[in-house]
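For reference, run.cif (mmCIF, C-alpha atoms and all ligand atoms):
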```cif
data_coords
loop_
_atom_site.label_atom_id
_atom_site.label_comp_id
_atom_site.auth_asym_id
_atom_site.auth_seq_id
_atom_site.Cartn_x
_atom_site.Cartn_y
_atom_site.Cartn_z
CA MET A 30 -17.65 -3.71 14.88
CA ASN A 31 -18.90 -3.13 11.30
CA LEU A 32 -16.10 -2.11 8.95
CA LEU A 33 -16.03 -0.74 5.43
CA ILE A 34 -12.66 -1.48 3.88
CA THR A 35 -12.04 0.02 0.46
CA GLY A 36 -9.39 -1.44 -1.84
CA GLY A 37 -9.50 -4.70 0.12
CA ALA A 38 -8.71 -6.79 -2.95
CA GLY A 39 -5.27 -5.19 -3.25
CA PHE A 40 -2.03 -6.09 -1.51
CA ALA A 41 -2.25 -4.34 1.87
CA GLY A 42 -6.06 -4.30 2.07
CA SER A 43 -6.34 -8.07 1.57
CA ASN A 44 -3.69 -8.72 4.22
CA PHE A 45 -5.61 -6.43 6.57
CA ILE A 46 -8.93 -8.19 5.94
CA ARG A 47 -7.29 -11.57 6.66
CA HIS A 48 -5.77 -10.11 9.84
CA ILE A 49 -9.14 -8.77 11.09
CA ILE A 50 -11.12 -11.91 10.21
CA LYS A 51 -8.62 -14.07 12.12
CA LYS A 52 -8.28 -11.83 15.16
CA TYR A 53 -11.84 -10.53 15.51
CA PRO A 54 -14.23 -13.23 14.22
CA ASN A 55 -17.24 -11.23 15.40
CA TYR A 56 -16.37 -8.13 13.30
CA LYS A 57 -18.25 -7.70 10.02
CA ILE A 58 -16.40 -6.51 6.92
CA ILE A 59 -17.60 -5.05 3.64
CA ASN A 60 -14.83 -4.86 1.04
CA LEU A 61 -15.54 -2.24 -1.64
CA ASP A 62 -13.11 -2.60 -4.53
CA LYS A 63 -13.18 -1.61 -8.20
CA LEU A 64 -10.98 -4.58 -9.16
CA THR A 65 -8.50 -2.62 -11.25
CA TYR A 66 -5.46 -4.50 -12.62
CA ALA A 67 -4.14 -4.46 -8.99
CA GLY A 68 -7.33 -5.78 -7.39
CA ASN A 69 -7.38 -9.57 -7.27
CA LEU A 70 -9.96 -11.77 -5.59
CA ASN A 71 -7.33 -14.54 -5.50
CA ASN A 72 -5.79 -12.51 -2.66
CA LEU A 73 -8.81 -13.44 -0.54
CA LYS A 74 -9.57 -16.98 -1.70
CA ASP A 75 -9.35 -18.30 1.87
CA ILE A 76 -11.79 -15.62 3.12
CA GLU A 77 -14.49 -16.00 0.44
CA GLY A 78 -17.71 -17.42 1.84
CA LYS A 79 -17.01 -16.39 5.45
CA PRO A 80 -20.36 -15.25 6.95
CA ASN A 81 -18.86 -12.01 8.30
CA TYR A 82 -17.27 -10.96 4.98
CA LYS A 83 -18.92 -9.44 1.90
CA PHE A 84 -17.33 -8.21 -1.32
CA ILE A 85 -18.90 -5.38 -3.34
CA LYS A 86 -17.44 -4.40 -6.71
CA GLY A 87 -17.56 -0.62 -6.98
CA ASP A 88 -15.64 2.56 -7.69
CA ILE A 89 -14.94 5.04 -4.88
CA ALA A 90 -14.64 7.77 -7.53
CA ASP A 91 -18.37 7.34 -8.20
CA GLN A 92 -20.22 9.30 -5.50
CA ARG A 93 -23.57 7.57 -6.09
CA THR A 94 -21.99 4.16 -5.46
CA VAL A 95 -20.28 5.36 -2.31
CA LEU A 96 -23.32 7.08 -0.81
CA LYS A 97 -25.56 4.12 -1.65
CA ILE A 98 -23.27 1.82 0.34
CA PHE A 99 -23.28 4.21 3.30
CA ARG A 100 -27.09 4.35 3.07
CA ASN A 101 -27.52 0.57 2.86
CA TYR A 102 -25.14 -0.47 5.63
CA GLN A 103 -24.19 0.95 9.01
CA PHE A 104 -20.47 1.22 9.61
CA ASP A 105 -18.61 1.92 12.81
CA ALA A 106 -15.39 2.57 10.91
CA VAL A 107 -14.16 3.09 7.36
CA ILE A 108 -10.59 2.31 6.31
CA ASN A 109 -9.54 3.62 2.92
CA TYR A 110 -6.90 1.43 1.27
CA ALA A 111 -8.26 2.04 -2.26
CA ALA A 112 -5.83 3.88 -4.48
CA GLU A 113 -3.86 3.84 -7.66
CA THR A 114 -0.45 3.10 -6.16
CA HIS A 115 2.34 2.61 -8.68
CA VAL A 116 4.61 5.63 -9.19
CA ASP A 117 5.75 4.58 -12.71
CA ARG A 118 2.16 4.20 -13.90
CA SER A 119 1.32 7.64 -12.49
CA ILE A 120 4.12 9.09 -14.62
CA SER A 121 2.87 7.53 -17.84
CA ASP A 122 -0.87 8.03 -17.14
CA PRO A 123 -1.90 10.18 -14.15
CA GLU A 124 -5.67 10.48 -14.73
CA ASP A 125 -6.85 7.47 -12.73
CA PHE A 126 -4.66 8.63 -9.83
CA ILE A 127 -6.53 11.93 -9.67
CA LYS A 128 -9.90 10.18 -9.94
CA THR A 129 -9.30 7.54 -7.27
CA ASP A 130 -6.81 9.10 -4.89
CA VAL A 131 -8.37 12.59 -4.86
CA LEU A 132 -12.02 12.33 -5.97
CA GLY A 133 -12.39 8.88 -4.38
CA THR A 134 -11.14 10.18 -1.03
CA TYR A 135 -13.50 13.19 -1.30
CA ASN A 136 -16.48 10.87 -1.89
CA LEU A 137 -15.64 8.77 1.18
CA LEU A 138 -15.25 11.93 3.27
CA GLU A 139 -18.69 13.08 2.08
CA GLY A 140 -20.00 9.66 3.12
CA ILE A 141 -18.68 10.01 6.65
CA LYS A 142 -19.94 13.60 6.77
CA GLN A 143 -23.49 12.62 5.83
CA PHE A 144 -23.73 9.40 7.88
CA THR A 145 -22.67 8.65 11.45
CA ILE A 146 -19.33 6.86 11.46
CA SER A 147 -17.07 6.68 14.54
CA LYS A 148 -13.74 6.52 12.74
CA TYR A 149 -12.24 6.97 9.26
CA ILE A 150 -8.64 5.92 8.62
CA GLN A 151 -6.85 7.22 5.54
CA ILE A 152 -4.04 4.88 4.46
CA SER A 153 -1.39 7.14 3.00
CA THR A 154 2.27 7.28 2.25
CA ASP A 155 5.60 8.81 3.23
CA GLU A 156 5.96 9.87 -0.43
CA VAL A 157 3.76 12.93 0.18
CA PHE A 158 6.71 14.55 2.01
CA GLY A 159 9.08 14.16 -0.95
CA SER A 160 12.71 13.18 -0.56
CA ILE A 161 14.96 13.80 2.46
CA LYS A 162 18.78 13.52 2.34
CA ARG A 163 19.34 13.50 6.11
CA GLY A 164 17.00 13.31 9.12
CA LYS A 165 13.41 12.17 9.24
CA PHE A 166 9.97 13.47 8.31
CA THR A 167 7.62 14.14 11.22
CA GLU A 168 3.85 14.37 10.96
CA LYS A 169 4.30 18.16 10.72
CA SER A 170 6.70 18.12 7.75
CA PRO A 171 5.36 19.99 4.71
CA PHE A 172 4.12 18.08 1.66
CA LYS A 173 6.52 18.21 -1.31
CA PRO A 174 5.33 15.43 -3.62
CA SER A 175 7.46 14.53 -6.65
CA SER A 176 5.23 12.27 -8.75
CA PRO A 177 1.61 12.43 -9.89
CA TYR A 178 1.04 9.47 -7.50
CA SER A 179 2.37 11.27 -4.43
CA ALA A 180 0.66 14.54 -5.47
CA SER A 181 -2.67 12.70 -5.70
CA LYS A 182 -2.16 11.03 -2.32
CA ALA A 183 -1.14 14.39 -0.82
CA SER A 184 -4.31 15.98 -2.23
CA GLY A 185 -6.48 13.25 -0.68
CA ASP A 186 -4.68 13.72 2.63
CA LEU A 187 -5.14 17.49 2.51
CA LEU A 188 -8.87 16.98 2.03
CA CYS A 189 -8.81 14.78 5.16
CA TYR A 190 -6.98 17.54 7.08
CA ALA A 191 -9.60 20.07 5.92
CA TYR A 192 -12.53 17.79 6.86
CA ILE A 193 -11.01 17.33 10.34
CA LYS A 194 -10.75 21.10 10.84
CA THR A 195 -13.90 22.28 9.10
CA TYR A 196 -16.40 19.54 9.92
CA LYS A 197 -14.71 18.06 13.05
CA LEU A 198 -14.93 14.60 11.52
CA PRO A 199 -13.42 11.54 13.26
CA ILE A 200 -10.54 11.09 10.83
CA ILE A 201 -7.05 9.64 11.29
CA VAL A 202 -4.43 10.05 8.55
CA THR A 203 -1.50 7.64 8.36
CA HIS A 204 1.74 8.06 6.41
CA SER A 205 3.53 4.77 6.00
CA CYS A 206 6.85 3.66 4.60
CA ASN A 207 7.15 0.92 1.92
CA PHE A 208 5.34 -2.38 2.54
CA TYR A 209 6.61 -5.80 1.51
CA GLY A 210 5.10 -9.27 1.92
CA PRO A 211 2.76 -11.76 0.25
CA TYR A 212 0.19 -10.75 -2.41
CA GLN A 213 2.02 -7.62 -3.62
CA TYR A 214 1.47 -7.00 -7.32
CA PRO A 215 4.65 -7.98 -9.18
CA GLU A 216 5.29 -4.50 -10.57
CA LYS A 217 6.76 -3.21 -7.28
CA LEU A 218 10.48 -3.63 -6.55
CA ILE A 219 10.49 -6.65 -4.20
CA PRO A 220 7.90 -8.93 -5.85
CA LEU A 221 9.09 -7.93 -9.34
CA PHE A 222 12.67 -8.83 -8.54
CA ILE A 223 11.82 -12.09 -6.74
CA THR A 224 9.53 -13.31 -9.53
CA ASN A 225 11.90 -12.22 -12.32
CA LEU A 226 14.70 -14.21 -10.70
CA LEU A 227 12.40 -17.20 -10.19
CA GLU A 228 11.82 -17.02 -13.96
CA ASP A 229 15.55 -16.65 -14.55
CA LYS A 230 15.08 -13.09 -15.87
CA LYS A 231 17.27 -10.08 -15.05
CA VAL A 232 16.17 -7.43 -12.56
CA PRO A 233 15.90 -3.79 -13.77
CA LEU A 234 17.51 -1.49 -11.19
CA TYR A 235 16.86 2.22 -11.77
CA GLY A 236 19.82 4.62 -11.87
CA ASP A 237 22.70 3.59 -9.59
CA GLY A 238 20.48 1.59 -7.17
CA LYS A 239 21.42 3.89 -4.29
CA ASN A 240 17.93 5.23 -3.56
CA VAL A 241 16.86 4.47 -0.02
CA ARG A 242 13.44 3.24 1.14
CA GLU A 243 12.24 2.46 4.68
CA TRP A 244 10.57 -0.97 4.81
CA ILE A 245 7.74 -2.44 6.89
CA TYR A 246 6.44 -6.02 6.70
CA VAL A 247 2.82 -5.83 5.59
CA LEU A 248 1.65 -7.72 8.72
CA ASP A 249 3.33 -5.10 10.90
CA HIS A 250 1.39 -2.46 8.94
CA CYS A 251 -1.82 -4.46 9.59
CA ASN A 252 -0.97 -4.42 13.30
CA ALA A 253 -0.45 -0.65 13.18
CA ILE A 254 -3.83 -0.03 11.52
CA ASP A 255 -5.52 -2.44 13.95
CA PHE A 256 -3.86 -0.50 16.79
CA LEU A 257 -5.07 2.85 15.42
CA LEU A 258 -8.56 1.49 14.79
CA HIS A 259 -8.85 0.73 18.49
CA LYS A 260 -6.52 3.25 20.15
CA GLY A 261 -5.78 6.02 17.64
CA MET A 262 -6.77 9.56 18.61
CA LEU A 263 -9.34 11.17 16.33
CA GLY A 264 -8.17 14.11 14.23
CA GLU A 265 -4.53 13.00 14.48
CA ILE A 266 -1.87 12.17 11.92
CA TYR A 267 0.51 9.23 12.45
CA ASN A 268 3.68 8.19 10.67
CA ILE A 269 4.14 4.41 10.45
CA GLY A 270 7.77 3.41 10.04
CA THR A 271 10.31 0.89 11.30
CA GLY A 272 13.69 2.60 10.99
CA VAL A 273 14.73 -0.21 8.59
CA GLU A 274 16.30 1.78 5.74
CA LYS A 275 17.89 0.02 2.78
CA GLN A 276 19.35 1.06 -0.56
CA ASN A 277 17.64 -0.66 -3.49
CA LEU A 278 20.95 -2.34 -4.26
CA GLU A 279 21.01 -3.87 -0.76
CA ILE A 280 17.47 -5.20 -1.19
CA THR A 281 18.46 -6.62 -4.57
CA LYS A 282 21.50 -8.37 -3.08
CA ILE A 283 19.39 -9.94 -0.32
CA ILE A 284 17.01 -11.37 -2.94
CA LEU A 285 19.86 -12.54 -5.21
CA ASP A 286 21.59 -14.30 -2.29
CA GLU A 287 18.43 -15.94 -1.02
CA LEU A 288 17.63 -17.29 -4.50
CA GLY A 289 21.22 -18.34 -5.19
CA LYS A 290 21.71 -15.93 -8.13
CA ASN A 291 24.70 -13.72 -8.88
CA LYS A 292 25.11 -10.00 -9.52
CA LYS A 293 25.17 -10.51 -13.30
CA MET A 294 21.37 -10.75 -13.06
CA ILE A 295 21.23 -7.00 -12.28
CA GLU A 296 20.54 -4.70 -15.22
CA PHE A 297 21.09 -1.03 -14.38
CA ILE A 298 18.58 0.93 -16.44
CA LYS A 299 17.46 4.52 -17.05
CA ASP A 300 16.36 6.22 -13.83
CA ARG A 301 12.74 6.97 -12.91
CA PRO A 302 11.96 10.67 -13.62
CA ALA A 303 12.04 12.77 -10.40
CA HIS A 304 13.15 9.65 -8.51
CA ASP A 305 13.09 10.46 -4.77
CA LEU A 306 16.49 9.66 -3.22
CA ARG A 307 15.42 8.75 0.30
CA TYR A 308 12.35 8.41 2.49
CA SER A 309 12.61 8.24 6.28
CA LEU A 310 9.90 8.65 8.90
CA ASP A 311 9.98 9.68 12.54
CA SER A 312 7.39 7.30 14.02
CA ASN A 313 7.80 8.24 17.68
CA LYS A 314 4.26 9.58 17.99
CA LEU A 315 2.79 6.14 17.23
CA LYS A 316 5.39 4.34 19.35
CA LYS A 317 4.65 6.60 22.31
CA LEU A 318 1.01 5.54 22.05
CA GLY A 319 2.17 1.93 22.51
CA TRP A 320 2.58 0.43 19.03
CA GLU A 321 5.67 -1.57 18.16
CA THR A 322 6.77 -3.81 15.31
CA GLU A 323 6.59 -7.56 15.73
CA TYR A 324 8.55 -8.86 12.74
CA ASN A 325 12.30 -8.94 12.15
CA PHE A 326 13.31 -7.57 8.70
CA LYS A 327 15.68 -10.43 7.75
CA GLU A 328 13.21 -13.15 8.69
CA ALA A 329 10.20 -11.42 7.14
CA MET A 330 12.13 -10.86 3.87
CA ARG A 331 13.10 -14.53 3.83
CA GLU A 332 9.47 -15.50 4.49
CA THR A 333 8.35 -13.16 1.67
CA ILE A 334 10.81 -14.70 -0.82
CA ARG A 335 9.67 -18.17 0.26
CA TRP A 336 6.02 -17.18 -0.26
CA TYR A 337 6.56 -16.08 -3.88
CA SER A 338 8.68 -19.19 -4.52
CA LYS A 339 5.81 -21.40 -3.32
CA ASN A 340 2.92 -19.46 -4.91
CA GLU A 341 3.59 -19.31 -8.64
CA TRP A 342 -0.15 -19.95 -9.18
CA TRP A 343 -0.75 -16.50 -7.72
CA TRP A 344 1.81 -14.35 -9.56
CA LYS A 345 2.41 -16.17 -12.89
CA PRO A 346 -0.89 -15.00 -14.50
CA LEU A 347 -0.20 -11.41 -13.41
CA LYS A 348 3.07 -11.34 -15.35
CA SER A 349 1.51 -12.03 -18.71
CA GLY A 350 -0.65 -9.97 -21.05
CA GLU A 351 -1.39 -6.45 -19.93
CA TYR A 352 1.48 -6.25 -17.50
CA LEU A 353 4.03 -7.44 -20.02
CA GLU A 354 2.81 -4.88 -22.55
CA TYR A 355 3.25 -2.12 -19.98
CA TYR A 356 6.65 -3.43 -18.95
CA LYS A 357 7.89 -3.59 -22.54
CA LYS A 358 6.65 -0.08 -23.31
CA GLN A 359 8.27 1.29 -20.18
CA TYR A 360 11.63 -0.39 -20.24
CA LEU A 361 12.34 -2.16 -23.47
CA SER A 362 11.50 0.50 -26.08
P1 LIG A 401 -2.62 -2.01 -4.47
O1 LIG A 401 -2.32 -1.28 -5.72
O2 LIG A 401 -2.08 -3.38 -4.26
O3 LIG A 401 -4.21 -2.13 -4.29
C1 LIG A 401 -5.08 -1.06 -4.47
C2 LIG A 401 -6.50 -1.61 -4.44
O4 LIG A 401 -7.40 -0.51 -4.61
C3 LIG A 401 -6.81 -2.61 -5.56
O5 LIG A 401 -7.51 -3.71 -5.04
C4 LIG A 401 -7.67 -1.82 -6.53
O6 LIG A 401 -8.58 -2.62 -7.27
C5 LIG A 401 -8.39 -0.87 -5.57
N1 LIG A 401 -8.87 0.34 -6.24
C6 LIG A 401 -8.16 1.16 -7.09
N2 LIG A 401 -8.94 2.14 -7.53
C7 LIG A 401 -10.17 1.98 -6.93
C8 LIG A 401 -11.39 2.69 -6.98
N3 LIG A 401 -11.52 3.80 -7.74
N4 LIG A 401 -12.43 2.26 -6.24
C9 LIG A 401 -12.30 1.13 -5.46
N5 LIG A 401 -11.17 0.40 -5.40
C10 LIG A 401 -10.11 0.82 -6.12
O7 LIG A 401 -2.20 -1.05 -3.28
P2 LIG A 401 -1.41 -1.32 -1.93
O8 LIG A 401 0.03 -1.36 -2.22
O9 LIG A 401 -2.07 -2.40 -1.21
O10 LIG A 401 -1.67 0.07 -1.18
C11 LIG A 401 -2.84 0.25 -0.39
C12 LIG A 401 -2.83 1.65 0.17
O11 LIG A 401 -1.66 1.84 0.95
C13 LIG A 401 -2.82 2.75 -0.87
O12 LIG A 401 -3.65 3.79 -0.43
C14 LIG A 401 -1.38 3.22 -0.90
O13 LIG A 401 -1.28 4.57 -1.29
C15 LIG A 401 -0.96 3.02 0.53
N6 LIG A 401 0.46 2.75 0.76
C16 LIG A 401 1.08 1.73 0.11
C17 LIG A 401 2.43 1.45 0.38
C18 LIG A 401 3.15 0.32 -0.31
O14 LIG A 401 4.36 0.18 -0.12
N7 LIG A 401 2.48 -0.53 -1.07
C19 LIG A 401 3.11 2.22 1.33
C20 LIG A 401 2.44 3.28 1.96
C21 LIG A 401 1.10 3.51 1.68
O1 LIG A 402 6.97 4.83 0.17
C1 LIG A 402 5.68 4.27 0.10
C2 LIG A 402 5.36 3.96 -1.33
O2 LIG A 402 6.12 2.81 -1.68
C3 LIG A 402 3.88 3.71 -1.61
O3 LIG A 402 3.17 4.86 -1.32
C4 LIG A 402 3.67 3.30 -3.06
O4 LIG A 402 2.32 2.99 -3.30
C5 LIG A 402 4.51 2.09 -3.36
O5 LIG A 402 4.41 1.76 -4.73
C6 LIG A 402 5.97 2.38 -3.00
O6 LIG A 402 6.54 3.36 -3.90
P1 LIG A 402 8.06 3.20 -4.39
O7 LIG A 402 8.23 4.00 -5.61
O8 LIG A 402 9.01 3.41 -3.30
O9 LIG A 402 8.03 1.61 -4.73
P2 LIG A 402 8.57 0.77 -5.97
O10 LIG A 402 8.48 -0.67 -5.56
O11 LIG A 402 7.96 1.18 -7.25
O12 LIG A 402 10.10 1.18 -5.98
C7 LIG A 402 10.93 1.01 -4.85
C8 LIG A 402 12.32 1.52 -5.22
O13 LIG A 402 12.88 0.64 -6.20
C9 LIG A 402 12.31 2.89 -5.86
O14 LIG A 402 13.48 3.60 -5.47
C10 LIG A 402 12.36 2.59 -7.37
C11 LIG A 402 13.16 1.32 -7.43
N1 LIG A 402 12.79 0.40 -8.53
C12 LIG A 402 11.50 0.04 -8.66
C13 LIG A 402 11.11 -0.81 -9.66
C14 LIG A 402 9.67 -1.20 -9.83
C15 LIG A 402 13.78 -0.12 -9.36
O15 LIG A 402 14.98 0.18 -9.22
N2 LIG A 402 13.40 -0.96 -10.37
C16 LIG A 402 12.10 -1.34 -10.55
O16 LIG A 402 11.81 -2.09 -11.50
#
```
Have the structure of the file written as structure tokens, please.
Ligand code: NAD
Ligand code: DAU
Amino acid sequence: MNLLITGGAGFAGSNFIRHIIKKYPNYKIINLDKLTYAGNLNNLKDIEGKPNYKFIKGDIADQRTVLKIFRNYQFDAVINYAAETHVDRSISDPEDFIKTDVLGTYNLLEGIKQFTISKYIQISTDEVFGSIKRGKFTEKSPFKPSSPYSASKASGDLLCYAYIKTYKLPIIVTHSCNFYGPYQYPEKLIPLFITNLLEDKKVPLYGDGKNVREWIYVLDHCNAIDFLLHKGMLGEIYNIGTGVEKQNLEITKIILDELGKNKKMIEFIKDRPAHDLRYSLDSNKLKKLGWETEYNFKEAMRETIRWYSKNEWWWKPLKSGEYLEYYKKQYLS
């Protein structure tokens, strides 16, 4: 199978490429990535040079680039991981979110409309549904995004829905809960808190720390996308969740305990604007098709903390320079 994976130098995309290369050595992968601050070729150091893998630096928001790649290569499937992904950044500067998450998705959809592709998978988020106090979002729940990030993702997803209906294109849209695992940029809750504590710095918890997220180990998400690539029904929407819901304070305590730190390392700070209280997905549709999780939350969290503890070479450079400037502006002014 020939695959185009966009955003493959990021956290989830790089884990997925590693998963595919290991499991299907005869598949060919092109990784199209703009290498924004979140794109990092160190995520794929062990894959570089493999004969069935090729990296192309390019922007999905540029239609000429996208169409040229579709013209030059033949793909059986396209999986779109490329996005601006950090909610806080979308609040301070939304423009790139609109360009990549909306215009970028449109360009890829035009690519699959103009060329023959058997399957397109849109990697999207539970955040498009907004916050839910009780119960769970199904695939039919209405979109009520709260941040420029989730509004951009929702817009990209709506374009997918329209291209399914209007042009009958072979598209699958996925809404997933929060990922955790190795190679996640240390601006997101779990890697930020682990690496701060490894550096003996405090961890900035927003508001009262009672917001709830549903968590999936990134390798379980890879398995879900692999499953949908081979068995997903075209034109369908799938939630990808685990039922593992935790308050941010609980996640923080797990990390503190594992690293032998005490609660004094928590700094409660000003809340995120429009901070969604809780996300929760009903993932029965995907489970009924035969997908199930493989990893246990406690063990996978422990493995994740161990990974960051052992791989300072990977995250240390990311916590200097540009990131620190952003962090200071956001939290310390
Ligand atoms: P990430 O921020 O780690 O990586 C995003 C990647 O996309 C980077 O490599 C970046 O360089 C690339 N990129 C950004 N703009 C681009 C452009 N214009 N053209 C080409 N490449 C571009 O993201 P992630 O956390 O791995 O998320 C991957 C996908 O999964 C995103 O679509 C995100 O919305 C979705 N998602 C993430 C989570 C999560 O918890 N991280 C949960 C649900 C869904
Ligand atoms: O739900 C899926 C989404 O999960 C993805 O679509 C996004 O791309 C991804 O970034 C993530 O969004 P969240 O906003 O849930 O993730 P983040 O790691 O930024 O925050 C998780 C929770 O922790 C959230 O309630 C905010 C809180 N938080 C976050 C940071 C970075 C803190 O309390 N302090 C922090 O410093």
Record the distance separating atom CA of Asp88 of chain A and atom CA of Gly133 of chain A, expressed in Å with one decimal.
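Separation between atom CA of Asp88 of chain A and atom CA of Gly133 of chain A: 7.8 Å.
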Can you list, as a list in words, every protein, DNA or RNA residue that comes within 10 Å of segment 224-231 of chain A when you count all atoms listed in the file, leaving out same-chain residues fewer than 3 positions away?
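Final neighbour list, sorted by chain and number: Pro215, Glu216, Ile219, Pro220, Leu221, Leu234, Ile284, Leu285, Leu288, Gly289, Lys290, Lys292, Lys293, Met294, Ile295, Glu296, Phe297, Ile334, Tyr337, Ser338, Glu341, Trp344, Lys345 and Lys348 of chain A.
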Just-selected residues, C-alpha atoms written as a PDB file, keeping the file's coordinate frame:
```
ATOM      1  CA  PRO A 215       4.650  -7.980  -9.180  1.00  0.00           C
ATOM      2  CA  GLU A 216       5.290  -4.500 -10.570  1.00  0.00           C
ATOM      3  CA  ILE A 219      10.490  -6.650  -4.200  1.00  0.00           C
ATOM      4  CA  PRO A 220       7.900  -8.930  -5.850  1.00  0.00           C
ATOM      5  CA  LEU A 221       9.090  -7.930  -9.340  1.00  0.00           C
ATOM      6  CA  LEU A 234      17.510  -1.490 -11.190  1.00  0.00           C
ATOM      7  CA  ILE A 284      17.010 -11.370  -2.940  1.00  0.00           C
ATOM      8  CA  LEU A 285      19.860 -12.540  -5.210  1.00  0.00           C
ATOM      9  CA  LEU A 288      17.630 -17.290  -4.500  1.00  0.00           C
ATOM     10  CA  GLY A 289      21.220 -18.340  -5.190  1.00  0.00           C
ATOM     11  CA  LYS A 290      21.710 -15.930  -8.130  1.00  0.00           C
ATOM     12  CA  LYS A 292      25.110 -10.000  -9.520  1.00  0.00           C
ATOM     13  CA  LYS A 293      25.170 -10.510 -13.300  1.00  0.00           C
ATOM     14  CA  MET A 294      21.370 -10.750 -13.060  1.00  0.00           C
ATOM     15  CA  ILE A 295      21.230  -7.000 -12.280  1.00  0.00           C
ATOM     16  CA  GLU A 296      20.540  -4.700 -15.220  1.00  0.00           C
ATOM     17  CA  PHE A 297      21.090  -1.030 -14.380  1.00  0.00           C
ATOM     18  CA  ILE A 334      10.810 -14.700  -0.820  1.00  0.00           C
ATOM     19  CA  TYR A 337       6.560 -16.080  -3.880  1.00  0.00           C
ATOM     20  CA  SER A 338       8.680 -19.190  -4.520  1.00  0.00           C
ATOM     21  CA  GLU A 341       3.590 -19.310  -8.640  1.00  0.00           C
ATOM     22  CA  TRP A 344       1.810 -14.350  -9.560  1.00  0.00           C
ATOM     23  CA  LYS A 345       2.410 -16.170 -12.890  1.00  0.00           C
ATOM     24  CA  LYS A 348       3.070 -11.340 -15.350  1.00  0.00           C
TER      25      LYS A 348
END
```
Expected answer as a ChimeraX atom specification: residues within 8 Å of ligand LIG 402 (chain A), all atoms listed in the file
/A:113-117,153-156,178-179,205-208,216-219,221-222,232-236,238,240-243,277,300-301,304-308
Okay, now the selection with C-alpha atoms, as a short mmCIF file (atom, residue, chain, number, x, y, z; two decimals), in the frame of the given file?
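Listing of out_26.cif after writing:
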```
data_model
loop_
_atom_site.label_atom_id
_atom_site.label_comp_id
_atom_site.auth_asym_id
_atom_site.auth_seq_id
_atom_site.Cartn_x
_atom_site.Cartn_y
_atom_site.Cartn_z
CA GLU A 113 -3.86 3.84 -7.66
CA THR A 114 -0.45 3.10 -6.16
CA HIS A 115 2.34 2.61 -8.68
CA VAL A 116 4.61 5.63 -9.19
CA ASP A 117 5.75 4.58 -12.71
CA SER A 153 -1.39 7.14 3.00
CA THR A 154 2.27 7.28 2.25
CA ASP A 155 5.60 8.81 3.23
CA GLU A 156 5.96 9.87 -0.43
CA TYR A 178 1.04 9.47 -7.50
CA SER A 179 2.37 11.27 -4.43
CA SER A 205 3.53 4.77 6.00
CA CYS A 206 6.85 3.66 4.60
CA ASN A 207 7.15 0.92 1.92
CA PHE A 208 5.34 -2.38 2.54
CA GLU A 216 5.29 -4.50 -10.57
CA LYS A 217 6.76 -3.21 -7.28
CA LEU A 218 10.48 -3.63 -6.55
CA ILE A 219 10.49 -6.65 -4.20
CA LEU A 221 9.09 -7.93 -9.34
CA PHE A 222 12.67 -8.83 -8.54
CA VAL A 232 16.17 -7.43 -12.56
CA PRO A 233 15.90 -3.79 -13.77
CA LEU A 234 17.51 -1.49 -11.19
CA TYR A 235 16.86 2.22 -11.77
CA GLY A 236 19.82 4.62 -11.87
CA GLY A 238 20.48 1.59 -7.17
CA ASN A 240 17.93 5.23 -3.56
CA VAL A 241 16.86 4.47 -0.02
CA ARG A 242 13.44 3.24 1.14
CA GLU A 243 12.24 2.46 4.68
CA ASN A 277 17.64 -0.66 -3.49
CA ASP A 300 16.36 6.22 -13.83
CA ARG A 301 12.74 6.97 -12.91
CA HIS A 304 13.15 9.65 -8.51
CA ASP A 305 13.09 10.46 -4.77
CA LEU A 306 16.49 9.66 -3.22
CA ARG A 307 15.42 8.75 0.30
CA TYR A 308 12.35 8.41 2.49
#
```
Within 7 Å of ligand LIG 401 (chain A): each chain A residue with its shortest pair, only C-alpha atoms and all ligand atoms, as CSV:
```
residue,atom,partner,partner_atom,distance
A:Thr35,CA,A:LIG401,N5,5.9
A:Gly36,CA,A:LIG401,O4,3.5
A:Gly37,CA,A:LIG401,O5,5.6
A:Ala38,CA,A:LIG401,O5,3.9
A:Gly39,CA,A:LIG401,O5,3.2
A:Phe40,CA,A:LIG401,O9,3.7
A:Ala41,CA,A:LIG401,O9,3.6
A:Gly42,CA,A:LIG401,O9,5.5
A:Leu61,CA,A:LIG401,C9,6.0
A:Asp62,CA,A:LIG401,N5,3.7
A:Lys63,CA,A:LIG401,C9,4.0
A:Leu64,CA,A:LIG401,O6,3.6
A:Thr65,CA,A:LIG401,O6,4.0
A:Tyr66,CA,A:LIG401,O6,6.5
A:Ala67,CA,A:LIG401,C3,4.7
A:Gly68,CA,A:LIG401,O5,3.1
A:Asn69,CA,A:LIG401,O5,6.3
A:Gly87,CA,A:LIG401,C9,5.7
A:Asp88,CA,A:LIG401,N4,3.5
A:Ile89,CA,A:LIG401,N4,4.0
A:Ala90,CA,A:LIG401,N3,5.1
A:Asn109,CA,A:LIG401,O12,6.8
A:Tyr110,CA,A:LIG401,C12,4.2
A:Ala111,CA,A:LIG401,O4,3.6
A:Ala112,CA,A:LIG401,C6,4.4
A:Glu113,CA,A:LIG401,C6,5.1
A:Thr114,CA,A:LIG401,O1,4.8
A:His115,CA,A:LIG401,O1,6.8
A:Lys128,CA,A:LIG401,N3,6.9
A:Thr129,CA,A:LIG401,N3,4.4
A:Gly133,CA,A:LIG401,N3,6.2
A:Ile152,CA,A:LIG401,O12,5.0
A:Ser153,CA,A:LIG401,C21,4.6
A:Thr154,CA,A:LIG401,C21,4.0
A:Asp155,CA,A:LIG401,C20,6.5
A:Lys182,CA,A:LIG401,O13,6.6
A:His204,CA,A:LIG401,C20,6.6
A:Ser205,CA,A:LIG401,C20,4.4
A:Cys206,CA,A:LIG401,C20,5.2
A:Asn207,CA,A:LIG401,O14,3.5
A:Phe208,CA,A:LIG401,O14,3.8
A:Tyr209,CA,A:LIG401,O14,6.6
A:Gln213,CA,A:LIG401,O2,5.9
A:Tyr214,CA,A:LIG401,O2,5.9
```
